[in-house]
$ cat work-v5.cif   # mmCIF, C-alpha atoms
data_target
loop_
_atom_site.label_atom_id
_atom_site.label_comp_id
_atom_site.auth_asym_id
_atom_site.auth_seq_id
_atom_site.Cartn_x
_atom_site.Cartn_y
_atom_site.Cartn_z
CA MET A 1 -30.24 -7.75 17.02
CA ASN A 2 -28.07 -4.68 16.43
CA THR A 3 -25.63 -5.84 13.75
CA ARG A 4 -26.23 -7.63 10.46
CA ILE A 5 -23.23 -9.27 8.80
CA GLY A 6 -23.28 -10.76 5.32
CA ILE A 7 -20.58 -13.09 4.02
CA LEU A 8 -20.44 -13.95 0.32
CA ALA A 9 -20.61 -17.74 -0.18
CA PHE A 10 -19.73 -18.65 -3.77
CA PRO A 11 -18.72 -21.84 -5.62
CA ASN A 12 -15.06 -22.86 -5.31
CA ILE A 13 -14.48 -20.68 -2.28
CA THR A 14 -11.64 -21.56 0.10
CA GLN A 15 -13.80 -22.43 3.08
CA LEU A 16 -11.50 -21.12 5.86
CA ASN A 17 -11.75 -17.67 4.26
CA LEU A 18 -15.43 -17.85 5.20
CA THR A 19 -15.60 -20.14 8.22
CA GLY A 20 -12.74 -18.47 10.11
CA PRO A 21 -14.41 -15.03 10.30
CA TYR A 22 -17.84 -16.67 10.65
CA GLU A 23 -16.70 -18.50 13.78
CA VAL A 24 -15.63 -15.19 15.29
CA PHE A 25 -18.75 -13.27 14.28
CA SER A 26 -21.05 -16.05 15.48
CA ARG A 27 -19.95 -15.32 19.06
CA LEU A 28 -20.71 -11.60 18.86
CA PRO A 29 -23.87 -10.78 20.87
CA ASN A 30 -26.84 -9.10 19.21
CA THR A 31 -25.54 -10.02 15.79
CA ARG A 32 -26.86 -12.08 12.91
CA THR A 33 -24.43 -13.42 10.34
CA ASP A 34 -25.79 -14.64 7.00
CA LEU A 35 -24.13 -16.43 4.11
CA VAL A 36 -25.36 -14.75 0.96
CA TRP A 37 -25.30 -15.79 -2.69
CA LYS A 38 -27.45 -15.62 -5.82
CA SER A 39 -29.64 -18.40 -4.42
CA THR A 40 -29.77 -20.54 -1.30
CA ASP A 41 -28.71 -23.69 -3.15
CA PRO A 42 -25.64 -25.35 -1.58
CA VAL A 43 -22.26 -24.50 -3.08
CA LEU A 44 -19.04 -26.50 -2.95
CA SER A 45 -15.74 -25.12 -1.74
CA ASP A 46 -12.56 -25.67 -3.73
CA THR A 47 -11.96 -28.84 -1.68
CA GLY A 48 -15.53 -30.17 -1.82
CA PHE A 49 -16.75 -28.70 1.48
CA THR A 50 -20.51 -28.07 1.22
CA ILE A 51 -21.69 -24.60 2.24
CA THR A 52 -25.35 -23.58 2.26
CA PRO A 53 -26.16 -19.88 1.80
CA THR A 54 -28.86 -18.56 4.13
CA LEU A 55 -29.95 -15.60 1.99
CA ALA A 56 -30.23 -14.86 -1.71
CA PHE A 57 -29.11 -11.48 -3.05
CA ALA A 58 -32.72 -10.52 -3.69
CA ASP A 59 -33.65 -11.05 -0.04
CA ALA A 60 -30.57 -9.50 1.54
CA PRO A 61 -30.97 -6.47 3.82
CA GLU A 62 -28.56 -3.58 3.96
CA PHE A 63 -25.78 -5.25 5.92
CA ASP A 64 -23.73 -3.39 8.50
CA VAL A 65 -20.75 -5.52 7.45
CA ILE A 66 -20.28 -7.20 4.09
CA LEU A 67 -17.41 -9.68 3.73
CA VAL A 68 -16.00 -11.02 0.47
CA PRO A 69 -13.77 -14.11 0.94
CA GLY A 70 -11.33 -15.53 -1.59
CA GLY A 71 -10.55 -18.82 -3.27
CA VAL A 72 -10.22 -20.22 -6.77
CA GLY A 73 -13.84 -19.28 -7.53
CA GLN A 74 -12.97 -15.65 -6.92
CA GLN A 75 -11.66 -15.37 -10.47
CA GLY A 76 -15.12 -15.72 -11.95
CA LEU A 77 -16.46 -13.02 -9.64
CA LEU A 78 -14.17 -10.45 -11.24
CA GLU A 79 -16.42 -10.44 -14.30
CA ASP A 80 -19.74 -11.35 -12.67
CA THR A 81 -21.87 -8.22 -13.04
CA ASP A 82 -24.53 -9.46 -10.58
CA VAL A 83 -21.97 -10.01 -7.83
CA LEU A 84 -20.13 -6.75 -8.45
CA HIS A 85 -23.39 -4.81 -8.47
CA PHE A 86 -24.47 -6.44 -5.20
CA ILE A 87 -21.17 -5.54 -3.53
CA ARG A 88 -21.31 -1.93 -4.76
CA GLN A 89 -24.86 -1.52 -3.52
CA GLN A 90 -24.01 -2.98 -0.11
CA ALA A 91 -20.93 -0.75 0.14
CA LYS A 92 -23.09 2.35 -0.20
CA THR A 93 -24.70 1.74 3.19
CA ALA A 94 -22.43 -0.71 5.04
CA LYS A 95 -20.29 0.61 7.86
CA TRP A 96 -17.58 -1.92 7.01
CA VAL A 97 -16.62 -3.69 3.77
CA MET A 98 -14.19 -6.54 4.41
CA SER A 99 -12.23 -9.02 2.33
CA THR A 100 -10.14 -12.05 3.13
CA CYS A 101 -7.40 -13.40 0.89
CA THR A 102 -8.10 -12.78 -2.82
CA GLY A 103 -11.48 -11.32 -1.98
CA SER A 104 -9.73 -7.94 -2.08
CA LEU A 105 -9.39 -8.35 -5.84
CA VAL A 106 -13.18 -8.56 -6.04
CA LEU A 107 -13.47 -5.34 -4.05
CA GLY A 108 -11.05 -3.85 -6.56
CA ALA A 109 -13.14 -5.06 -9.50
CA ALA A 110 -16.17 -3.44 -7.84
CA GLY A 111 -14.31 -0.12 -7.87
CA LEU A 112 -13.90 0.12 -4.10
CA LEU A 113 -10.09 0.16 -3.74
CA ASP A 114 -9.00 3.13 -5.83
CA GLY A 115 -6.60 5.12 -3.64
CA LYS A 116 -7.13 2.75 -0.71
CA ARG A 117 -4.53 0.77 1.23
CA ALA A 118 -5.16 -2.97 0.95
CA THR A 119 -3.62 -6.42 1.21
CA CYS A 120 -4.20 -9.85 -0.29
CA HIS A 121 -2.77 -13.38 -0.31
CA TRP A 122 0.97 -13.05 -0.92
CA LEU A 123 0.84 -14.83 -4.26
CA SER A 124 -1.75 -12.38 -5.62
CA LEU A 125 -0.69 -9.25 -3.77
CA PRO A 126 0.93 -7.65 -6.86
CA LEU A 127 -2.36 -7.93 -8.77
CA LEU A 128 -3.92 -5.25 -6.59
CA ARG A 129 -1.94 -2.72 -8.63
CA HIS A 130 -4.51 -3.04 -11.40
CA PHE A 131 -7.14 -1.38 -9.21
CA GLY A 132 -5.29 1.76 -8.21
CA CYS A 133 -4.82 0.80 -4.58
CA ILE A 134 -1.82 1.13 -2.31
CA ILE A 135 -0.40 -2.36 -1.74
CA VAL A 136 0.40 -3.10 1.90
CA GLU A 137 2.23 -6.22 3.02
CA GLU A 138 0.44 -6.53 6.36
CA ARG A 139 -1.83 -9.20 7.84
CA VAL A 140 -4.81 -6.88 8.33
CA VAL A 141 -5.27 -3.43 6.79
CA PHE A 142 -7.91 -0.82 7.64
CA ASP A 143 -8.55 2.16 5.38
CA GLY A 144 -11.78 4.01 5.97
CA GLN A 145 -14.62 1.53 5.72
CA ILE A 146 -12.45 -0.99 3.88
CA ILE A 147 -10.80 -3.87 5.75
CA SER A 148 -8.62 -6.38 3.96
CA ALA A 149 -7.01 -9.45 5.48
CA ALA A 150 -4.15 -11.37 3.90
CA GLY A 151 -4.23 -15.05 2.98
CA VAL A 152 -6.82 -17.48 4.37
CA SER A 153 -6.07 -17.72 8.10
CA ALA A 154 -5.63 -13.94 8.36
CA GLY A 155 -9.41 -13.68 8.15
CA ILE A 156 -9.61 -14.73 11.81
CA ASP A 157 -7.32 -11.86 12.78
CA GLY A 158 -9.30 -9.42 10.67
CA ALA A 159 -12.59 -10.55 12.20
CA LEU A 160 -11.24 -10.14 15.73
CA GLU A 161 -9.98 -6.65 14.94
CA LEU A 162 -13.37 -5.78 13.50
CA VAL A 163 -15.11 -7.08 16.64
CA ASP A 164 -12.89 -4.70 18.62
CA ARG A 165 -14.27 -1.80 16.57
CA LEU A 166 -17.85 -3.05 16.77
CA ALA A 167 -18.00 -4.04 20.43
CA GLY A 168 -14.69 -3.21 22.10
CA ARG A 169 -11.46 -4.94 22.95
CA ASP A 170 -12.90 -6.86 25.89
CA MET A 171 -15.39 -8.58 23.59
CA ALA A 172 -12.70 -9.30 20.99
CA GLU A 173 -10.46 -10.85 23.63
CA THR A 174 -13.36 -12.82 25.09
CA ILE A 175 -14.10 -14.33 21.68
CA GLN A 176 -10.42 -15.04 21.07
CA LEU A 177 -10.19 -16.89 24.37
CA SER A 178 -13.41 -18.81 23.77
CA LEU A 179 -11.90 -20.06 20.52
CA GLU A 180 -8.54 -20.69 22.19
CA TYR A 181 -7.07 -18.84 19.26
CA ASP A 182 -3.43 -18.94 20.29
CA PRO A 183 -1.44 -19.67 17.12
CA GLN A 184 1.79 -21.53 17.77
CA PRO A 185 2.60 -23.08 14.38
CA PRO A 186 5.10 -25.93 14.38
CA TYR A 187 7.09 -24.32 11.57
CA SER A 188 8.04 -20.77 10.56
CA ALA A 189 6.78 -21.29 7.04
CA GLY A 190 3.53 -19.33 7.11
CA SER A 191 4.88 -16.35 5.20
CA PRO A 192 7.33 -15.93 2.32
CA ALA A 193 9.26 -13.65 4.66
CA THR A 194 10.04 -16.58 6.99
CA ALA A 195 9.66 -19.68 4.80
CA ARG A 196 12.64 -21.27 3.10
CA PRO A 197 13.14 -19.69 -0.35
CA GLU A 198 12.79 -23.05 -2.08
CA LEU A 199 9.30 -23.46 -0.59
CA SER A 200 8.16 -20.11 -1.94
CA ALA A 201 9.67 -20.95 -5.33
CA ARG A 202 7.91 -24.32 -5.36
CA ILE A 203 4.52 -22.82 -4.57
CA ARG A 204 5.00 -20.06 -7.14
CA LYS A 205 5.84 -22.67 -9.78
CA PHE A 206 2.86 -24.86 -8.88
CA THR A 207 0.38 -21.95 -8.90
CA GLU A 208 1.81 -20.14 -11.91
CA PRO A 209 -1.11 -21.00 -14.26
CA ILE A 210 -3.68 -19.94 -11.64
CA ILE A 211 -1.96 -16.63 -10.93
CA ALA A 212 -1.55 -15.92 -14.65
CA GLY A 213 -5.26 -16.48 -15.22
CA ARG A 214 -6.12 -14.36 -12.19
CA ASP A 215 -3.88 -11.59 -13.49
CA ASP A 216 -5.60 -11.64 -16.88
CA ARG A 217 -9.03 -11.37 -15.30
CA ALA A 218 -7.92 -8.64 -12.92
CA ARG A 219 -6.53 -6.64 -15.86
CA ALA A 220 -9.81 -7.06 -17.73
CA ALA A 221 -11.83 -6.04 -14.68
CA ALA A 222 -9.69 -2.95 -14.22
CA ALA A 223 -10.13 -2.06 -17.89
CA ARG A 224 -13.90 -2.24 -17.52
CA LEU A 225 -13.70 0.18 -14.60
CA THR A 226 -11.59 2.56 -16.65
CA GLU A 227 -14.10 2.38 -19.47
CA GLY A 228 -16.87 3.21 -17.04
CA VAL A 229 -18.70 -0.12 -17.40
CA ARG A 230 -19.96 -0.11 -13.80
CA ASP A 231 -22.59 1.44 -11.60
CA VAL A 232 -22.08 4.98 -10.39
CA LEU A 233 -20.67 4.63 -6.90
#
$ encode --input "work-v5.cif" --output "structure tokens"
Amino acid sequence: MNTRIGILAFPNITQLNLTGPYEVFSRLPNTRTDLVWKSTDPVLSDTGFTITPTLAFADAPEFDVILVPGGVGQQGLLEDTDVLHFIRQQAKTAKWVMSTCTGSLVLGAAGLLDGKRATCHWLSLPLLRHFGCIIVEERVVFDGQIISAAGVSAGIDGALELVDRLAGRDMAETIQLSLEYDPQPPYSAGSPATARPELSARIRKFTEPIIAGRDDRARAAAARLTEGVRDVL
């Protein structure tokens, strides 16, 4: 076993943010991928999908890769000192620190995105401004040790690109083929750049309270960083 990967598994996660990259990493030879949380008690996704962590924070090794997914439960992580401390500590030794979807906001709250290029789910992309990062409207963004993938399904792309860097393109392509990952969506509505404007407007209207709450918490998290209420990186 040459590579240890840890994926944060928290309550109210959007499960594809976790299971998409996990499915890719699980096919990488000489690698162990763990789901890590405060305890190993099962947690529920935001749609009721049961996920069982395999390691508690206290038992976690120094991971080579630490991944922070997103989902509705991500908002609480922005002010969870135990989670933010764990991520900061892992980032000190990890070769790669990755996020999917709104997980990049958690990396920001941990103080890891200042001056970095990063992306996020399109609805929450503007909130990255609170953490001093350079907002990039791309599906996967690499900047130093930081990798950020855009909304939900982009985590699969990010994981494949990371496999390329860990084990080479041949391995990444082999895993892609084994998964028959060949996206051919029936509609061109997977991005606000291609979706009908009324669809984007409808989703923005429906999620307005969630985004407003997320913005408030991101602002507060950024203020705590400014005030120095964090570990020394």
$ closest_residue --input "work-v5.cif" --among "A:Ser148, A:Ser188, A:Ser45, A:Thr226" --to "A:Lys116" --atoms "all atoms listed in the file"
A:Ser148
$ residues_near_point --input "work-v5.cif" --point "(-20.5, -0.5, -5.3)" --cutoff "6 Å" --atoms "only C-alpha atoms" --output "PyMOL selection string"
chain A and resi 87-89+91+110+233
$ residues_near_point --input "work-v5.cif" --point "(-21.8, -26.7, -0.4)" --cutoff "10 Å" --atoms "only C-alpha atoms" --output "list in words"
Ala9, Phe10, Pro11, Asn12, Ile13, Gln15, Asp41, Pro42, Val43, Leu44, Ser45, Asp46, Gly48, Phe49, Thr50, Ile51, Thr52 and Pro53 of chain A
$ atom_distance --input "work-v5.cif" --atom1 "atom CA of A:Arg129" --atom2 "atom CA of A:Glu227"
17.1 Å
$ resolve_selection --input "work-v5.cif" --expression "the PyMOL selection byres ((chain A and resi 222) around 10)" --output "list in words"
Leu78, Leu105, Gly108, Ala109, Ala110, Gly111, Leu128, Arg129, His130, Phe131, Gly132, Asp216, Arg217, Ala218, Arg219, Ala220, Ala221, Ala223, Arg224, Leu225, Thr226, Glu227, Gly228 and Val229 of chain A
$ write_last_selection --input "work-v5.cif" --atoms "C-alpha atoms" --output "PDB file, in the coordinates of the input"
ATOM      1  CA  LEU A  78     -14.170 -10.450 -11.240  1.00  0.00           C
ATOM      2  CA  LEU A 105      -9.390  -8.350  -5.840  1.00  0.00           C
ATOM      3  CA  GLY A 108     -11.050  -3.850  -6.560  1.00  0.00           C
ATOM      4  CA  ALA A 109     -13.140  -5.060  -9.500  1.00  0.00           C
ATOM      5  CA  ALA A 110     -16.170  -3.440  -7.840  1.00  0.00           C
ATOM      6  CA  GLY A 111     -14.310  -0.120  -7.870  1.00  0.00           C
ATOM      7  CA  LEU A 128      -3.920  -5.250  -6.590  1.00  0.00           C
ATOM      8  CA  ARG A 129      -1.940  -2.720  -8.630  1.00  0.00           C
ATOM      9  CA  HIS A 130      -4.510  -3.040 -11.400  1.00  0.00           C
ATOM     10  CA  PHE A 131      -7.140  -1.380  -9.210  1.00  0.00           C
ATOM     11  CA  GLY A 132      -5.290   1.760  -8.210  1.00  0.00           C
ATOM     12  CA  ASP A 216      -5.600 -11.640 -16.880  1.00  0.00           C
ATOM     13  CA  ARG A 217      -9.030 -11.370 -15.300  1.00  0.00           C
ATOM     14  CA  ALA A 218      -7.920  -8.640 -12.920  1.00  0.00           C
ATOM     15  CA  ARG A 219      -6.530  -6.640 -15.860  1.00  0.00           C
ATOM     16  CA  ALA A 220      -9.810  -7.060 -17.730  1.00  0.00           C
ATOM     17  CA  ALA A 221     -11.830  -6.040 -14.680  1.00  0.00           C
ATOM     18  CA  ALA A 223     -10.130  -2.060 -17.890  1.00  0.00           C
ATOM     19  CA  ARG A 224     -13.900  -2.240 -17.520  1.00  0.00           C
ATOM     20  CA  LEU A 225     -13.700   0.180 -14.600  1.00  0.00           C
ATOM     21  CA  THR A 226     -11.590   2.560 -16.650  1.00  0.00           C
ATOM     22  CA  GLU A 227     -14.100   2.380 -19.470  1.00  0.00           C
ATOM     23  CA  GLY A 228     -16.870   3.210 -17.040  1.00  0.00           C
ATOM     24  CA  VAL A 229     -18.700  -0.120 -17.400  1.00  0.00           C
TER      25      VAL A 229
END
$ closest_atom_pairs --input "work-v5.cif" --of "stretch 92-123 of chain A" --to "stretch 58-65 of chain A" --cutoff "7 Å" --atoms "all atoms listed in the file" --output "tab-separated table"
residue	atom	partner	partner_atom	distance
A:Thr93	CA	A:Glu62	CA	6.6
A:Ala94	CA	A:Asp64	CA	4.6
A:Lys95	CA	A:Asp64	CA	5.3
A:Trp96	CA	A:Val65	CA	4.8
A:Val97	CA	A:Val65	CA	5.8
$ closest_residue --input "work-v5.cif" --among "A:Trp122, A:Phe206, A:Tyr187, A:Phe25" --to "A:Glu137" --atoms "only C-alpha atoms"
A:Trp122
$ resolve_selection --input "work-v5.cif" --expression "the PyMOL selection byres ((chain A and resi 99) around 6)" --output "number ranges by chain"
A: 67-69, 98, 100, 103-104, 148
$ write_last_selection --input "work-v5.cif" --atoms "C-alpha atoms" --output "CSV table (one decimal), keeping the file's coordinate frame"
chain,number,residue,atom,x,y,z
A,67,LEU,CA,-17.4,-9.7,3.7
A,68,VAL,CA,-16.0,-11.0,0.5
A,69,PRO,CA,-13.8,-14.1,0.9
A,98,MET,CA,-14.2,-6.5,4.4
A,100,THR,CA,-10.1,-12.0,3.1
A,103,GLY,CA,-11.5,-11.3,-2.0
A,104,SER,CA,-9.7,-7.9,-2.1
A,148,SER,CA,-8.6,-6.4,4.0
$ resolve_selection --input "work-v5.cif" --expression "the PyMOL selection byres ((chain A and resi 140) around 12)" --output "PyMOL selection string"
chain A and resi 98-101+104+117-121+135-139+141-143+146-162
$ atom_distance --input "work-v5.cif" --atom1 "atom CA of A:Arg202" --atom2 "atom CA of A:Gly70"
21.5 Å
$ closest_residue --input "work-v5.cif" --among "A:Thr14, A:Ser200, A:Ser26, A:Ser39" --to "A:Leu179" --atoms "only C-alpha atoms"
A:Ser26
$ atom_distance --input "work-v5.cif" --atom1 "atom CA of A:Trp37" --atom2 "atom CA of A:Leu8"
6.0 Å
$ closest_residue --input "work-v5.cif" --among "A:Val163, A:Ala172, A:Thr102, A:Cys133" --to "A:Thr3" --atoms "all atoms listed in the file"
A:Val163
$ residues_around --input "work-v5.cif" --residues "A:Ile175" --least-positions-apart "4" --cutoff "7 Å" --atoms "all atoms listed in the file" --output "mmCIF file with C-alpha atoms, in the frame of the given file"
data_model
loop_
_atom_site.group_PDB
_atom_site.id
_atom_site.type_symbol
_atom_site.label_atom_id
_atom_site.label_comp_id
_atom_site.auth_asym_id
_atom_site.auth_seq_id
_atom_site.Cartn_x
_atom_site.Cartn_y
_atom_site.Cartn_z
ATOM 1 C CA VAL A 24 -15.630 -15.190 15.290
ATOM 2 C CA ARG A 27 -19.950 -15.320 19.060
ATOM 3 C CA MET A 171 -15.390 -8.580 23.590
ATOM 4 C CA LEU A 179 -11.900 -20.060 20.520
#
$ build_atoms --input "work-v5.cif" --residues "stretch 174-185 of chain A" --atoms "all heavy atoms" --output "PDB file, in the frame of the given file"
ATOM      1  N   THR A 174     -12.499 -11.745  24.583  1.00  0.00           N
ATOM      2  CA  THR A 174     -13.360 -12.820  25.090  1.00  0.00           C
ATOM      3  C   THR A 174     -13.601 -13.866  24.007  1.00  0.00           C
ATOM      4  O   THR A 174     -13.524 -15.080  24.255  1.00  0.00           O
ATOM      5  CB  THR A 174     -14.701 -12.244  25.577  1.00  0.00           C
ATOM      6  OG1 THR A 174     -14.456 -11.341  26.668  1.00  0.00           O
ATOM      7  CG2 THR A 174     -15.632 -13.355  26.046  1.00  0.00           C
ATOM      8  N   ILE A 175     -13.880 -13.400  22.794  1.00  0.00           N
ATOM      9  CA  ILE A 175     -14.100 -14.330  21.680  1.00  0.00           C
ATOM     10  C   ILE A 175     -12.813 -15.075  21.349  1.00  0.00           C
ATOM     11  O   ILE A 175     -12.824 -16.289  21.118  1.00  0.00           O
ATOM     12  CB  ILE A 175     -14.637 -13.569  20.450  1.00  0.00           C
ATOM     13  CG1 ILE A 175     -16.054 -13.048  20.730  1.00  0.00           C
ATOM     14  CG2 ILE A 175     -14.641 -14.481  19.214  1.00  0.00           C
ATOM     15  CD1 ILE A 175     -16.619 -12.175  19.635  1.00  0.00           C
ATOM     16  N   GLN A 176     -11.695 -14.376  21.341  1.00  0.00           N
ATOM     17  CA  GLN A 176     -10.420 -15.040  21.070  1.00  0.00           C
ATOM     18  C   GLN A 176     -10.162 -16.158  22.073  1.00  0.00           C
ATOM     19  O   GLN A 176      -9.758 -17.270  21.699  1.00  0.00           O
ATOM     20  CB  GLN A 176      -9.270 -14.027  21.123  1.00  0.00           C
ATOM     21  CG  GLN A 176      -7.903 -14.669  20.868  1.00  0.00           C
ATOM     22  CD  GLN A 176      -6.758 -13.678  20.961  1.00  0.00           C
ATOM     23  OE1 GLN A 176      -6.953 -12.512  21.285  1.00  0.00           O
ATOM     24  NE2 GLN A 176      -5.561 -14.139  20.682  1.00  0.00           N
ATOM     25  N   LEU A 177     -10.416 -15.871  23.347  1.00  0.00           N
ATOM     26  CA  LEU A 177     -10.190 -16.890  24.370  1.00  0.00           C
ATOM     27  C   LEU A 177     -11.163 -18.043  24.250  1.00  0.00           C
ATOM     28  O   LEU A 177     -10.795 -19.210  24.428  1.00  0.00           O
ATOM     29  CB  LEU A 177     -10.279 -16.258  25.762  1.00  0.00           C
ATOM     30  CG  LEU A 177     -10.022 -17.186  26.954  1.00  0.00           C
ATOM     31  CD1 LEU A 177      -8.645 -17.849  26.843  1.00  0.00           C
ATOM     32  CD2 LEU A 177     -10.162 -16.415  28.260  1.00  0.00           C
ATOM     33  N   SER A 178     -12.415 -17.733  23.909  1.00  0.00           N
ATOM     34  CA  SER A 178     -13.410 -18.810  23.770  1.00  0.00           C
ATOM     35  C   SER A 178     -13.036 -19.763  22.646  1.00  0.00           C
ATOM     36  O   SER A 178     -13.339 -20.955  22.700  1.00  0.00           O
ATOM     37  CB  SER A 178     -14.807 -18.218  23.520  1.00  0.00           C
ATOM     38  OG  SER A 178     -14.919 -17.683  22.209  1.00  0.00           O
ATOM     39  N   LEU A 179     -12.359 -19.235  21.638  1.00  0.00           N
ATOM     40  CA  LEU A 179     -11.900 -20.060  20.520  1.00  0.00           C
ATOM     41  C   LEU A 179     -10.524 -20.692  20.793  1.00  0.00           C
ATOM     42  O   LEU A 179     -10.052 -21.491  19.983  1.00  0.00           O
ATOM     43  CB  LEU A 179     -11.809 -19.225  19.241  1.00  0.00           C
ATOM     44  CG  LEU A 179     -13.111 -18.654  18.683  1.00  0.00           C
ATOM     45  CD1 LEU A 179     -12.827 -17.732  17.509  1.00  0.00           C
ATOM     46  CD2 LEU A 179     -14.061 -19.764  18.272  1.00  0.00           C
ATOM     47  N   GLU A 180      -9.927 -20.313  21.908  1.00  0.00           N
ATOM     48  CA  GLU A 180      -8.540 -20.690  22.190  1.00  0.00           C
ATOM     49  C   GLU A 180      -7.665 -20.424  20.963  1.00  0.00           C
ATOM     50  O   GLU A 180      -6.866 -21.265  20.535  1.00  0.00           O
ATOM     51  CB  GLU A 180      -8.413 -22.149  22.638  1.00  0.00           C
ATOM     52  CG  GLU A 180      -7.107 -22.430  23.369  1.00  0.00           C
ATOM     53  CD  GLU A 180      -7.012 -23.823  23.960  1.00  0.00           C
ATOM     54  OE1 GLU A 180      -8.027 -24.555  23.973  1.00  0.00           O
ATOM     55  OE2 GLU A 180      -5.916 -24.181  24.406  1.00  0.00           O
ATOM     56  N   TYR A 181      -7.855 -19.238  20.433  1.00  0.00           N
ATOM     57  CA  TYR A 181      -7.070 -18.840  19.260  1.00  0.00           C
ATOM     58  C   TYR A 181      -5.717 -18.336  19.742  1.00  0.00           C
ATOM     59  O   TYR A 181      -5.550 -17.179  20.106  1.00  0.00           O
ATOM     60  CB  TYR A 181      -7.813 -17.767  18.467  1.00  0.00           C
ATOM     61  CG  TYR A 181      -7.068 -17.307  17.231  1.00  0.00           C
ATOM     62  CD1 TYR A 181      -6.642 -18.221  16.270  1.00  0.00           C
ATOM     63  CD2 TYR A 181      -6.792 -15.953  17.025  1.00  0.00           C
ATOM     64  CE1 TYR A 181      -5.958 -17.804  15.145  1.00  0.00           C
ATOM     65  CE2 TYR A 181      -6.109 -15.526  15.895  1.00  0.00           C
ATOM     66  CZ  TYR A 181      -5.689 -16.461  14.960  1.00  0.00           C
ATOM     67  OH  TYR A 181      -5.001 -16.049  13.834  1.00  0.00           O
ATOM     68  N   ASP A 182      -4.766 -19.209  19.763  1.00  0.00           N
ATOM     69  CA  ASP A 182      -3.430 -18.940  20.290  1.00  0.00           C
ATOM     70  C   ASP A 182      -2.411 -19.571  19.356  1.00  0.00           C
ATOM     71  O   ASP A 182      -1.764 -20.563  19.695  1.00  0.00           O
ATOM     72  CB  ASP A 182      -3.322 -19.537  21.703  1.00  0.00           C
ATOM     73  CG  ASP A 182      -1.993 -19.221  22.374  1.00  0.00           C
ATOM     74  OD1 ASP A 182      -1.372 -18.195  22.018  1.00  0.00           O
ATOM     75  OD2 ASP A 182      -1.573 -20.011  23.235  1.00  0.00           O
ATOM     76  N   PRO A 183      -2.272 -19.017  18.153  1.00  0.00           N
ATOM     77  CA  PRO A 183      -1.440 -19.670  17.120  1.00  0.00           C
ATOM     78  C   PRO A 183      -0.003 -19.913  17.576  1.00  0.00           C
ATOM     79  O   PRO A 183       0.697 -18.996  18.006  1.00  0.00           O
ATOM     80  CB  PRO A 183      -1.490 -18.665  15.968  1.00  0.00           C
ATOM     81  CG  PRO A 183      -2.709 -17.863  16.206  1.00  0.00           C
ATOM     82  CD  PRO A 183      -2.855 -17.771  17.682  1.00  0.00           C
ATOM     83  N   GLN A 184       0.401 -21.141  17.488  1.00  0.00           N
ATOM     84  CA  GLN A 184       1.790 -21.530  17.770  1.00  0.00           C
ATOM     85  C   GLN A 184       2.186 -22.564  16.726  1.00  0.00           C
ATOM     86  O   GLN A 184       2.330 -23.747  17.026  1.00  0.00           O
ATOM     87  CB  GLN A 184       1.904 -22.097  19.183  1.00  0.00           C
ATOM     88  CG  GLN A 184       1.510 -21.114  20.273  1.00  0.00           C
ATOM     89  CD  GLN A 184       1.591 -21.721  21.658  1.00  0.00           C
ATOM     90  OE1 GLN A 184       2.562 -22.395  21.995  1.00  0.00           O
ATOM     91  NE2 GLN A 184       0.566 -21.487  22.459  1.00  0.00           N
ATOM     92  N   PRO A 185       2.340 -22.135  15.476  1.00  0.00           N
ATOM     93  CA  PRO A 185       2.600 -23.080  14.380  1.00  0.00           C
ATOM     94  C   PRO A 185       3.889 -23.861  14.610  1.00  0.00           C
ATOM     95  O   PRO A 185       4.851 -23.333  15.172  1.00  0.00           O
ATOM     96  CB  PRO A 185       2.692 -22.176  13.155  1.00  0.00           C
ATOM     97  CG  PRO A 185       3.033 -20.823  13.693  1.00  0.00           C
ATOM     98  CD  PRO A 185       2.358 -20.728  15.022  1.00  0.00           C
TER      99      PRO A 185
END
